Amino acid sequence: MVLNSLPCVLVSLCLFFFSSSLCKARIYTNHWAVRIAGGPEQADHIANKHGYRNLGQIGDLKDYYHFFHSRTIKRSTLFSRAAHSFISMEPKVEWVQQQVVKRRTKRDYKPSYPGPVQSSMVQSSSIYFNDAKWSSMWYIHCNDNIHNCQSDMNIVGAWKRGYTGKDVVVTILDDGIERNHPDLIQNYDNEASYDVNGNDMDPMPRYDASNENKHGTRCAGEVAASANNSHCTVGIAYNAKIGGVRMLDGDVTDMVEAKSLSLHPQHIDIYSASWGPDDDGKTVDGPASLARQAFENGIRQGRKGRGSIFVWASGNGGRSRDHCSCDGYTNSIYTISISSTAESGRKPWYLEECASTLTTTYSSGENYDRKIITTDLRQRCTDSHTGTSASAPMAAGIIALALEANPFLTWRDVQHIIVKTSRAGHLSAPDWKTNAAGYNVSHLYGFGLMDAEAMVKEAERWKQVPPQHICVENADKQIRTIRPEHVVRSVYKATGCTDNANHHVIYLEHVVVRITITHPRRGDLSINLTSPSGTKSQLLANRLFDHSMEGFKNWEFMTTHCWGEKAAGDWILEIHDSPSQLRSQKAPGKLKEWSLILYGTSVHPYSFRSDKPRSLAEPQPDDEYSEEYVGLCHPECENGCEGPGPQQCITCLHYFLKFKNNTRMCVPECPTGFFRDDKKRCKKCSPLCESCIGSRSDQCSTCRSGLFLVEGGNNCASSCPDGFYLDLDSTMCWKCTENCKKCTSANICTECQTGLRGISVS
Ligand SMILES: *[C@@H]1O[C@H](CO)[C@@H](O)[C@H](O)[C@H]1NC(C)=O
Ligand SMILES: *[C@@H]1O[C@H](CO)[C@@H](O)[C@H](O)[C@H]1NC(C)=O
Ligand SMILES: *[C@@H]1O[C@H](CO)[C@@H](O)[C@H](O)[C@H]1NC(C)=O
């Protein structure tokens with residue numbers, strides 16, 4: 001036993017787990033998070049009174065302050081009881097927590113030998129940049145003549161549509177950013193940057209001989225390295241603004257994470273994180289209370305209420321047979337969890353499987369595979385960036401392109417667009433399956449490889465999805481014994497909260513299983529969830545190295561695999577215990593309770609029903625129970641349909657027509673009496689017009705019978721006004737000759753403008 005044994009004796013809880021050899025002592029810091037109502041003066045006052053320094057509000061979290069106590073030992077395994085209890089007795093102090101060190105690791109790895117340096121002088125694709133490494137950036141121009149990977153992320157396609165990330169702000173939460181790097185300096189954004197470790201504004205990395213702190217700079221270049229500046233590399237969103245938060249080069253605490261995740265949420269659009277709990281195949285850890293609040297604050301308030309976009313690397317624990325469902329960051333519904341695939345479409349050795357992964361971008365694979373080219377520390381350039389660390393920033397760059405195409409997308413719109421546009425392509429996985437909504441999904445890759453061009457096209461014409469409903473179904477409180485080599489099966493008949501309009505979910509987005517299990521060896525457990533449509537998500541696989549006896553306490557497993565499916569029906573939870581020889585304790589485990597949290601909408605996310613009055617938004621009985629429609633769609637439909645008619649399209653190819661009874665229909669052209677607006681809608685002309693260019697009575701292009709269009713304008717009149725005459729066919733009012741007030745249908749002036757006299761010409 002090499003682990004610290006002294007703290008184990010002191011911490012009784014730890015002693016309990018001593019035999020499991022997993023005795024991790026908590027390390028307390030001299031930093032506190034304190035919640036105090038009444039403003040910063042109040043906080044300063046309380047800090048001074050108790051000998052703390054108030055270092056200010058914690059990120060964007062109102063009423064939370066960072067207190068520092070210089071007389072407490074910096075890293076202690078002992079909880080500072082004295083100071084803590086005095087301050088917690090203050091009536092204005094609502095909550096206080098001494099910060100403990102959390103183990104957080106970067107999602108890269110050290111290759112066993114340097115990656116191959118491939119450089120090609122051949123000019124590729126139709127876009128040419130003078131950056132030295134441009135021609136070798138295979139993951140950007142993937143299926144051109146010299147690179148032959150089979151699925152392209154279509155980044156050049158998005159660029160050609162004019163999207164390069166302009167006005168979108170991305171920040172990298174990591175070990176700092178070399179802001180004066182020649183490829184970053186032009187897009188560097190001071191307001192998107194901070195040094196949480198040093199508590200100042202400057203996120204420059206700390207330099208050492210091993211270049212330990214190169215990670216953030218490498219991630220930043222992938223997103224927003226300047227293009228065509230004769231330097232090294234080209235970012236995916238090369239006109240986006242890029243910042244960095246230095247937060248991994250020091251003790252990471254809940255507060256450090258919260259400060260980083262809630263930095264300037266009205267300014268920063270996308271936060272990219274390529275780190276998390278140890279990928280050692282035995283850790284179960286996630287965001288603690290402040291970080292969770294930072295996520296929620298960002299989702300609800302960030303980007304003017306549209307929600308911050310948190311992009312997360314799914315993890316590199318493949319070799320330790322880790323499962324990303326045990327990482328509460330990637331497993332969160334608020335993060336977009338990104339997996340990696342090699343150029344060949346094969347599974348990289350570091351890849352972690354789990355059901356919460358949403359999508360995939362390229363990264364390195366085997367040692368002989370090409371890696372990622374990006375900016376490096378000391379103003380250099382590297383072609384050996386690797387792991388899911390490289391994939392998350394790539395996704396952040398692609399999302400930046402979509403946000404430029406439509407800055408109004410909400411955090412859920414972005415996830416919907418990713419689900420719709422990611423493609424299985426040539427990515428090989430043994431478990432590709434088509435869910436009941438028609439999406440192909442895998443535990444290795446989520447919905448597949450990202451497609452930047454398809455994303456910006458969707459973004460351009462996207463209509464915001466209806467509000468998120470959350471339905472909590474308390475499935476089972478009956479305690480069940482988990483017998484070795486047996487499967488515990490628990491079936492829950494969900495309604496989707498049909499009796500509560502504010503929580504009613506018909507169409508699913510994320511699904512979470514919250515579960516409490518006691519077990520003698522956690523790594524022996526595997527868990528599956530099957531949706532009412534029959535889609536099976538593996539929520540947990542056996543983990544060879546996880547000897548923990550702690551089980552799961554209200555752990556939330558998330559799956560994206562039921563996206564678009566119906567929520568109501570039988571959900572089946574299956575827990576399997578396959579005892580390994582490593583198991584010392586023989587007592588069986590217990591399923592104590594589980595609940596199902598269904599996220600989604602009560603109306604179809606892509607129908608136009610969302611702006612119907614509330615009563616009409618209620619589901620039709622046959623709607624709820626009918627199967628997904630699989631037949632042919634009407635030719636005017638785009639993006640599928642719910643039935644064969646032109647009234648049942650998800651979206652329209654050309655125009656859509658709305659009727660009084662709230663039905664809608666797709667049409668190739670707007671009928672007479674309607675005009676097309678800029679959102680592809682056919683809208684009614686003014687009652688005076690027969691056809692029109694807008695809805696006002698002065699926007700007619702032809703008039704209803706009995707009315708006449710007036711020359712030079714678009715209004716219809718029942719009789720021609722002064723200065724106009726009705727032609728012989730009675731079709732239109734034409735202008736009389738100049739200075740004429742009245743004229744005949746042959747345009748002969750019969751009365752002059754006031755003050756003028758007629759001259760008879762014969
Ligand atoms: C990059 O700069 C070169 C000149 O150095 C120019 O010929 C080329 O068109 C530029 N590329 C783009 C995409 O603007
Ligand atoms: C899903 O995969 C199946 C089988 O490979 C394929 O036929 C189908 O076109 C895919 N669906 C989508 C939406 O990509
Ligand atoms: C879960 O599903 C996988 C894949 O179908 C299967 O191999 C495994 O045995 C299942 N485990 C349980 C607990 O049913």
# chains A, B, ... in the order shown; residues from 1 in each chain; ligands from 1
$ select_by_dssp --residues "region 541-749 of chain A" --states "strand (DSSP E or B)" --output "number ranges by chain"
A: 552-559, 566, 569-577, 589-601, 637-641, 649-652, 655-658, 664-667, 674-676, 681-684, 689-692, 700-703, 708-710, 716-717, 724-726, 732-735, 740-743, 749
$ residues_near_ligand --ligand "ligand 3" --cutoff "9 Å" --atoms "only C-alpha atoms and all ligand atoms" --output "ChimeraX atom specification"
/A:431,486-489,525-529,536-541,573-577
$ closest_atom_pairs --of "chain A" --to "ligand 1" --cutoff "6 Å" --atoms "only C-alpha atoms and all ligand atoms" --output "JSON lines"
{"residue": "A:Ile127", "atom": "CA", "partner": "ligand 1", "partner_atom_place_in_ligand_line": "13 (C)", "distance": 5.4}
{"residue": "A:Tyr128", "atom": "CA", "partner": "ligand 1", "partner_atom_place_in_ligand_line": "11 (N)", "distance": 5.1}
{"residue": "A:Phe129", "atom": "CA", "partner": "ligand 1", "partner_atom_place_in_ligand_line": "1 (C)", "distance": 4.6}
{"residue": "A:Asn130", "atom": "CA", "partner": "ligand 1", "partner_atom_place_in_ligand_line": "1 (C)", "distance": 5.4}
{"residue": "A:Asn228", "atom": "CA", "partner": "ligand 1", "partner_atom_place_in_ligand_line": "1 (C)", "distance": 4.8}
$ residues_around --residues "region 296-302 of chain A" --least-positions-apart "6" --cutoff "9 Å" --atoms "only C-alpha atoms" --output "ChimeraX atom specification"
/A:60-61,261-262,264-269,308-310,334,410-411
$ write_last_selection --atoms "all heavy atoms" --output "CSV table (one decimal), in the first residue's frame"
chain,number,residue,atom,x,y,z
A,60,ASP,N,-19.7,34.2,-13.1
A,60,ASP,CA,-21.0,34.9,-13.4
A,60,ASP,C,-22.0,34.5,-12.3
A,60,ASP,O,-23.2,34.7,-12.5
A,60,ASP,CB,-21.5,34.5,-14.8
A,60,ASP,CG,-22.5,35.4,-15.3
A,60,ASP,OD1,-22.3,36.7,-15.2
A,60,ASP,OD2,-23.6,35.0,-15.7
A,61,LEU,N,-21.6,33.8,-11.2
A,61,LEU,CA,-22.5,33.3,-10.3
A,61,LEU,C,-22.8,34.3,-9.2
A,61,LEU,O,-22.0,34.7,-8.4
A,61,LEU,CB,-22.0,32.0,-9.6
A,61,LEU,CG,-21.6,30.8,-10.5
A,61,LEU,CD1,-21.2,29.6,-9.7
A,61,LEU,CD2,-22.8,30.5,-11.4
A,261,LEU,N,-16.1,28.2,-16.4
A,261,LEU,CA,-17.3,27.8,-17.2
A,261,LEU,C,-18.3,29.0,-17.2
A,261,LEU,O,-19.2,29.0,-18.1
A,261,LEU,CB,-18.0,26.6,-16.6
A,261,LEU,CG,-17.2,25.3,-16.7
A,261,LEU,CD1,-17.8,24.2,-15.8
A,261,LEU,CD2,-17.3,24.8,-18.2
A,262,SER,N,-18.1,30.0,-16.3
A,262,SER,CA,-19.0,31.1,-16.3
A,262,SER,C,-18.3,32.4,-16.6
A,262,SER,O,-18.9,33.5,-16.3
A,262,SER,CB,-19.8,31.2,-15.0
A,262,SER,OG,-19.0,31.6,-14.0
A,264,HIS,N,-17.7,35.5,-18.6
A,264,HIS,CA,-18.4,36.4,-19.6
A,264,HIS,C,-19.4,35.7,-20.5
A,264,HIS,O,-19.2,35.7,-21.7
A,264,HIS,CB,-17.3,37.1,-20.4
A,264,HIS,CG,-16.4,37.9,-19.6
A,264,HIS,ND1,-15.2,38.4,-20.0
A,264,HIS,CD2,-16.5,38.4,-18.3
A,264,HIS,CE1,-14.6,39.1,-19.1
A,264,HIS,NE2,-15.4,39.1,-18.1
A,265,PRO,N,-20.4,35.1,-19.9
A,265,PRO,CA,-21.3,34.3,-20.8
A,265,PRO,C,-22.1,35.2,-21.8
A,265,PRO,O,-22.8,34.6,-22.7
A,265,PRO,CB,-22.3,33.7,-19.7
A,265,PRO,CG,-22.1,34.4,-18.5
A,265,PRO,CD,-20.8,35.1,-18.5
A,266,GLN,N,-22.1,36.5,-21.6
A,266,GLN,CA,-22.8,37.3,-22.6
A,266,GLN,C,-21.8,37.6,-23.8
A,266,GLN,O,-22.2,38.1,-24.8
A,266,GLN,CB,-23.3,38.6,-22.0
A,266,GLN,CG,-24.3,38.4,-20.9
A,266,GLN,CD,-25.4,37.4,-21.3
A,266,GLN,OE1,-25.8,37.2,-22.4
A,266,GLN,NE2,-25.9,36.7,-20.3
A,267,HIS,N,-20.6,37.4,-23.6
A,267,HIS,CA,-19.6,37.7,-24.6
A,267,HIS,C,-19.1,36.4,-25.3
A,267,HIS,O,-19.0,36.4,-26.6
A,267,HIS,CB,-18.4,38.4,-24.0
A,267,HIS,CG,-17.3,38.7,-25.0
A,267,HIS,ND1,-17.5,39.7,-25.9
A,267,HIS,CD2,-16.1,38.2,-25.2
A,267,HIS,CE1,-16.4,39.8,-26.7
A,267,HIS,NE2,-15.5,38.9,-26.2
A,268,ILE,N,-18.9,35.4,-24.5
A,268,ILE,CA,-18.3,34.1,-25.1
A,268,ILE,C,-19.5,33.3,-25.6
A,268,ILE,O,-20.5,33.1,-24.9
A,268,ILE,CB,-17.5,33.4,-24.0
A,268,ILE,CG1,-16.3,34.2,-23.6
A,268,ILE,CG2,-17.1,32.0,-24.6
A,268,ILE,CD1,-15.6,33.7,-22.4
A,269,ASP,N,-19.4,32.8,-26.8
A,269,ASP,CA,-20.4,31.9,-27.3
A,269,ASP,C,-20.1,30.4,-27.0
A,269,ASP,O,-21.0,29.6,-26.7
A,269,ASP,CB,-20.5,32.0,-28.9
A,269,ASP,CG,-20.9,33.4,-29.3
A,269,ASP,OD1,-22.0,33.9,-28.8
A,269,ASP,OD2,-20.1,34.1,-30.0
A,308,SER,N,-25.2,29.2,-23.5
A,308,SER,CA,-23.8,29.0,-23.8
A,308,SER,C,-23.6,27.6,-24.4
A,308,SER,O,-24.3,26.7,-24.1
A,308,SER,CB,-22.9,29.0,-22.6
A,308,SER,OG,-23.2,30.2,-21.8
A,309,ILE,N,-22.6,27.5,-25.3
A,309,ILE,CA,-22.4,26.2,-26.0
A,309,ILE,C,-21.1,25.6,-25.3
A,309,ILE,O,-20.0,26.2,-25.4
A,309,ILE,CB,-22.1,26.3,-27.5
A,309,ILE,CG1,-23.2,27.2,-28.1
A,309,ILE,CG2,-22.0,25.0,-28.1
A,309,ILE,CD1,-24.6,26.6,-28.1
A,310,PHE,N,-21.3,24.5,-24.6
A,310,PHE,CA,-20.1,23.8,-24.0
A,310,PHE,C,-19.7,22.6,-24.8
A,310,PHE,O,-20.5,21.7,-24.9
A,310,PHE,CB,-20.5,23.4,-22.5
A,310,PHE,CG,-20.9,24.5,-21.6
A,310,PHE,CD1,-22.2,24.7,-21.3
A,310,PHE,CD2,-19.9,25.4,-21.1
A,310,PHE,CE1,-22.6,25.8,-20.5
A,310,PHE,CE2,-20.3,26.5,-20.3
A,310,PHE,CZ,-21.6,26.7,-20.0
A,334,TYR,N,-25.8,19.3,-20.9
A,334,TYR,CA,-25.4,20.6,-21.3
A,334,TYR,C,-24.2,20.7,-22.1
A,334,TYR,O,-23.8,21.7,-22.7
A,334,TYR,CB,-25.2,21.5,-20.0
A,334,TYR,CG,-26.5,21.6,-19.2
A,334,TYR,CD1,-26.4,21.4,-17.8
A,334,TYR,CD2,-27.7,21.8,-19.7
A,334,TYR,CE1,-27.5,21.5,-17.0
A,334,TYR,CE2,-28.8,21.9,-19.0
A,334,TYR,CZ,-28.8,21.8,-17.6
A,334,TYR,OH,-29.9,21.9,-16.8
A,410,THR,N,-30.3,28.4,-30.3
A,410,THR,CA,-30.2,28.1,-28.9
A,410,THR,C,-29.2,26.9,-28.7
A,410,THR,O,-28.8,26.2,-29.7
A,410,THR,CB,-31.5,27.7,-28.3
A,410,THR,OG1,-31.9,26.5,-28.8
A,410,THR,CG2,-32.6,28.8,-28.6
A,411,TRP,N,-28.9,26.6,-27.4
A,411,TRP,CA,-28.0,25.5,-27.1
A,411,TRP,C,-28.6,24.2,-27.6
A,411,TRP,O,-27.9,23.3,-28.1
A,411,TRP,CB,-27.6,25.5,-25.7
A,411,TRP,CG,-28.8,25.1,-24.7
A,411,TRP,CD1,-29.7,26.0,-24.3
A,411,TRP,CD2,-29.1,23.8,-24.1
A,411,TRP,NE1,-30.6,25.3,-23.5
A,411,TRP,CE2,-30.2,24.0,-23.3
A,411,TRP,CE3,-28.4,22.6,-24.2
A,411,TRP,CZ2,-30.8,23.0,-22.6
A,411,TRP,CZ3,-29.0,21.6,-23.5
A,411,TRP,CH2,-30.1,21.7,-22.7
$ residues_around --residues "Cys324 (chain A)" --least-positions-apart "3" --cutoff "7 Å" --atoms "only C-alpha atoms" --output "ChimeraX atom specification"
/A:314-315,327,330,352-354
$ write_last_selection --atoms "N, CA, C and O atoms" --output "compact mmCIF listing (two decimals), in the first residue's frame"
# COMPACT_ATOMS: atom_id res chain seq x y z
N SER A 314 -14.69 13.56 -25.21
CA SER A 314 -15.33 12.43 -24.54
C SER A 314 -14.37 11.62 -23.68
O SER A 314 -14.80 10.87 -22.82
N GLY A 315 -13.07 11.77 -23.89
CA GLY A 315 -12.12 11.07 -23.01
C GLY A 315 -11.19 10.14 -23.78
O GLY A 315 -11.51 9.71 -24.88
N ASP A 327 -17.89 9.83 -16.49
CA ASP A 327 -17.37 11.19 -16.47
C ASP A 327 -18.58 12.13 -16.55
O ASP A 327 -19.26 12.20 -17.57
N THR A 330 -18.81 14.92 -19.64
CA THR A 330 -19.24 14.52 -20.98
C THR A 330 -20.65 13.94 -20.92
O THR A 330 -21.40 13.99 -21.89
N GLU A 352 -13.15 6.17 -25.94
CA GLU A 352 -14.01 5.63 -24.88
C GLU A 352 -15.42 5.56 -25.43
O GLU A 352 -15.91 6.53 -26.02
N GLU A 353 -16.07 4.46 -25.21
CA GLU A 353 -17.44 4.34 -25.69
C GLU A 353 -18.42 4.78 -24.61
O GLU A 353 -18.19 4.56 -23.43
N CYS A 354 -19.51 5.39 -25.02
CA CYS A 354 -20.65 5.58 -24.12
C CYS A 354 -21.80 6.20 -24.89
O CYS A 354 -21.62 6.72 -25.99
$ residues_near_ligand --ligand "ligand 2" --cutoff "12 Å" --atoms "only C-alpha atoms and all ligand atoms" --output "ChimeraX atom specification"
/A:419-442,447-449,639-640
$ residues_around --residues "Ala33 (chain A)" --least-positions-apart "4" --cutoff "10 Å" --atoms "only C-alpha atoms" --output "VMD selection string"
chain A and resid 54 57 to 58 64 to 68 95 to 99 254 to 255 290
$ write_last_selection --atoms "N, CA, C and O atoms" --output "mmCIF file, in the first residue's frame"
data_model
loop_
_atom_site.group_PDB
_atom_site.id
_atom_site.type_symbol
_atom_site.label_atom_id
_atom_site.label_comp_id
_atom_site.auth_asym_id
_atom_site.auth_seq_id
_atom_site.Cartn_x
_atom_site.Cartn_y
_atom_site.Cartn_z
ATOM 1 N N ASN A 54 -11.482 38.744 0.295
ATOM 2 C CA ASN A 54 -12.528 38.484 -0.703
ATOM 3 C C ASN A 54 -11.941 38.727 -2.085
ATOM 4 O O ASN A 54 -11.637 39.856 -2.448
ATOM 5 N N GLN A 57 -16.505 38.019 -6.928
ATOM 6 C CA GLN A 57 -17.561 37.075 -7.322
ATOM 7 C C GLN A 57 -16.972 35.905 -8.093
ATOM 8 O O GLN A 57 -16.007 36.049 -8.825
ATOM 9 N N ILE A 58 -17.572 34.743 -7.926
ATOM 10 C CA ILE A 58 -17.122 33.558 -8.657
ATOM 11 C C ILE A 58 -17.750 33.574 -10.039
ATOM 12 O O ILE A 58 -18.937 33.303 -10.194
ATOM 13 N N TYR A 64 -22.105 34.493 -5.061
ATOM 14 C CA TYR A 64 -21.045 33.558 -4.677
ATOM 15 C C TYR A 64 -19.703 34.288 -4.727
ATOM 16 O O TYR A 64 -19.393 34.943 -5.725
ATOM 17 N N TYR A 65 -18.924 34.149 -3.647
ATOM 18 C CA TYR A 65 -17.646 34.855 -3.580
ATOM 19 C C TYR A 65 -16.518 33.880 -3.300
ATOM 20 O O TYR A 65 -16.706 32.836 -2.684
ATOM 21 N N HIS A 66 -15.346 34.313 -3.762
ATOM 22 C CA HIS A 66 -14.126 33.538 -3.552
ATOM 23 C C HIS A 66 -13.377 34.151 -2.379
ATOM 24 O O HIS A 66 -12.897 35.268 -2.469
ATOM 25 N N PHE A 67 -13.310 33.427 -1.276
ATOM 26 C CA PHE A 67 -12.575 33.882 -0.098
ATOM 27 C C PHE A 67 -11.271 33.119 -0.005
ATOM 28 O O PHE A 67 -11.223 31.911 -0.266
ATOM 29 N N PHE A 68 -10.234 33.848 0.405
ATOM 30 C CA PHE A 68 -8.902 33.263 0.495
ATOM 31 C C PHE A 68 -8.405 33.479 1.917
ATOM 32 O O PHE A 68 -8.573 34.548 2.484
ATOM 33 N N TRP A 95 -24.131 29.737 2.630
ATOM 34 C CA TRP A 95 -23.477 28.465 2.258
ATOM 35 C C TRP A 95 -21.989 28.726 2.207
ATOM 36 O O TRP A 95 -21.551 29.802 1.820
ATOM 37 N N VAL A 96 -21.211 27.765 2.643
ATOM 38 C CA VAL A 96 -19.762 27.932 2.567
ATOM 39 C C VAL A 96 -19.118 26.581 2.315
ATOM 40 O O VAL A 96 -19.609 25.549 2.791
ATOM 41 N N GLN A 97 -18.059 26.579 1.505
ATOM 42 C CA GLN A 97 -17.420 25.307 1.217
ATOM 43 C C GLN A 97 -15.923 25.519 1.014
ATOM 44 O O GLN A 97 -15.509 26.315 0.176
ATOM 45 N N GLN A 98 -15.142 24.822 1.830
ATOM 46 C CA GLN A 98 -13.702 24.862 1.612
ATOM 47 C C GLN A 98 -13.418 24.061 0.344
ATOM 48 O O GLN A 98 -13.976 22.978 0.136
ATOM 49 N N GLN A 99 -12.596 24.600 -0.525
ATOM 50 C CA GLN A 99 -12.381 23.973 -1.821
ATOM 51 C C GLN A 99 -11.389 22.815 -1.718
ATOM 52 O O GLN A 99 -10.342 22.949 -1.091
ATOM 53 N N ASP A 254 -13.679 22.931 -7.479
ATOM 54 C CA ASP A 254 -15.017 23.215 -7.986
ATOM 55 C C ASP A 254 -15.110 24.689 -8.392
ATOM 56 O O ASP A 254 -15.641 25.035 -9.444
ATOM 57 N N MET A 255 -14.542 25.551 -7.552
ATOM 58 C CA MET A 255 -14.608 26.987 -7.809
ATOM 59 C C MET A 255 -13.819 27.370 -9.064
ATOM 60 O O MET A 255 -14.262 28.212 -9.848
ATOM 61 N N LEU A 290 -20.775 24.043 -7.591
ATOM 62 C CA LEU A 290 -20.556 25.328 -8.259
ATOM 63 C C LEU A 290 -20.446 25.154 -9.778
ATOM 64 O O LEU A 290 -20.990 25.940 -10.542
#
$ closest_atom_pairs --of "region 476-495 of chain A" --to "region 592-602 of chain A" --cutoff "10 Å" --atoms "only C-alpha atoms" --output "CSV"
residue,atom,partner,partner_atom,distance
A:Asp476,CA,A:Glu593,CA,5.5
A:Lys477,CA,A:Glu593,CA,4.7
A:Gln478,CA,A:Glu593,CA,6.7
A:Ile479,CA,A:Lys592,CA,4.7
A:Arg480,CA,A:Lys592,CA,6.6
A:Thr481,CA,A:Lys592,CA,8.6
A:Ser490,CA,A:Trp594,CA,9.4
A:Tyr492,CA,A:Leu596,CA,8.9
A:Ala494,CA,A:Leu596,CA,8.7
$ residues_around --residues "Leu508 (chain A)" --least-positions-apart "4" --cutoff "10 Å" --atoms "only C-alpha atoms" --output "list in words"
Ala437, Gln468, His469, Ile470, Gly496, Thr560, His561, Cys562, Trp563, Gly564, Glu565, Lys566, Ala567, Ala568, Leu598, Tyr599, Gly600, Thr601, Ser602, His604 and Pro605 of chain A
$ select_by_dssp --residues "region 128-223 of chain A" --states "helix (DSSP H, G or I)" --output "list in words"
Trp134, Ser135, Ser136, Ile155, Val156, Gly157, Ala158, Trp159, Lys160, Asn190, Glu191, Ala192, Glu212, Asn213, Lys214, His215, Gly216, Thr217, Arg218, Cys219, Ala220, Gly221, Glu222 and Val223 of chain A
$ write_last_selection --atoms "C-alpha atoms" --output "mmCIF file, in the first residue's frame"
data_model
loop_
_atom_site.group_PDB
_atom_site.id
_atom_site.type_symbol
_atom_site.label_atom_id
_atom_site.label_comp_id
_atom_site.auth_asym_id
_atom_site.auth_seq_id
_atom_site.Cartn_x
_atom_site.Cartn_y
_atom_site.Cartn_z
ATOM 1 C CA TRP A 134 -2.134 24.101 -45.396
ATOM 2 C CA SER A 135 -1.608 21.351 -47.934
ATOM 3 C CA SER A 136 -1.060 18.753 -45.182
ATOM 4 C CA ILE A 155 -15.348 22.536 -43.889
ATOM 5 C CA VAL A 156 -14.301 24.056 -47.207
ATOM 6 C CA GLY A 157 -17.943 23.808 -48.291
ATOM 7 C CA ALA A 158 -18.998 25.933 -45.312
ATOM 8 C CA TRP A 159 -16.221 28.446 -46.041
ATOM 9 C CA LYS A 160 -17.371 28.698 -49.633
ATOM 10 C CA ASN A 190 -8.847 39.609 -24.320
ATOM 11 C CA GLU A 191 -12.432 39.567 -23.097
ATOM 12 C CA ALA A 192 -12.692 35.833 -23.742
ATOM 13 C CA GLU A 212 3.875 20.885 -20.170
ATOM 14 C CA ASN A 213 1.477 23.762 -20.781
ATOM 15 C CA LYS A 214 1.189 23.548 -24.553
ATOM 16 C CA HIS A 215 -2.245 21.990 -24.584
ATOM 17 C CA GLY A 216 -4.436 25.123 -24.573
ATOM 18 C CA THR A 217 -2.407 26.812 -27.308
ATOM 19 C CA ARG A 218 -2.672 23.704 -29.461
ATOM 20 C CA CYS A 219 -6.438 23.555 -29.022
ATOM 21 C CA ALA A 220 -6.813 27.283 -29.781
ATOM 22 C CA GLY A 221 -5.056 27.053 -33.144
ATOM 23 C CA GLU A 222 -7.395 24.351 -34.361
ATOM 24 C CA VAL A 223 -10.323 26.702 -33.844
#
$ atom_distance --atom1 "CA of Lys102 (chain A)" --atom2 "CA of Thr253 (chain A)"
5.5 Å
$ atom_distance --atom1 "CA of Lys742 (chain A)" --atom2 "CA of Thr702 (chain A)"
23.5 Å
$ residues_around --residues "Phe674 (chain A)" --least-positions-apart "4" --cutoff "7 Å" --atoms "only C-alpha atoms" --output "mmCIF file with C-alpha atoms, in the first residue's frame"
data_model
loop_
_atom_site.group_PDB
_atom_site.id
_atom_site.type_symbol
_atom_site.label_atom_id
_atom_site.label_comp_id
_atom_site.auth_asym_id
_atom_site.auth_seq_id
_atom_site.Cartn_x
_atom_site.Cartn_y
_atom_site.Cartn_z
ATOM 1 C CA CYS A 670 -48.129 30.472 -53.595
ATOM 2 C CA CYS A 682 -47.384 32.132 -48.411
ATOM 3 C CA LYS A 683 -49.224 35.020 -46.834
ATOM 4 C CA LYS A 684 -52.537 36.568 -47.763
ATOM 5 C CA CYS A 685 -52.648 39.715 -49.850
ATOM 6 C CA SER A 691 -52.047 39.227 -56.443
ATOM 7 C CA CYS A 692 -49.464 41.165 -54.506
#
$ atom_distance --atom1 "CA of Ser325 (chain A)" --atom2 "CA of His443 (chain A)"
10.6 Å
$ closest_residue --among "A:Cys689, A:Leu632, A:Leu707, A:Ala227" --to "Phe675 (chain A)" --atoms "only C-alpha atoms"
A:Cys689
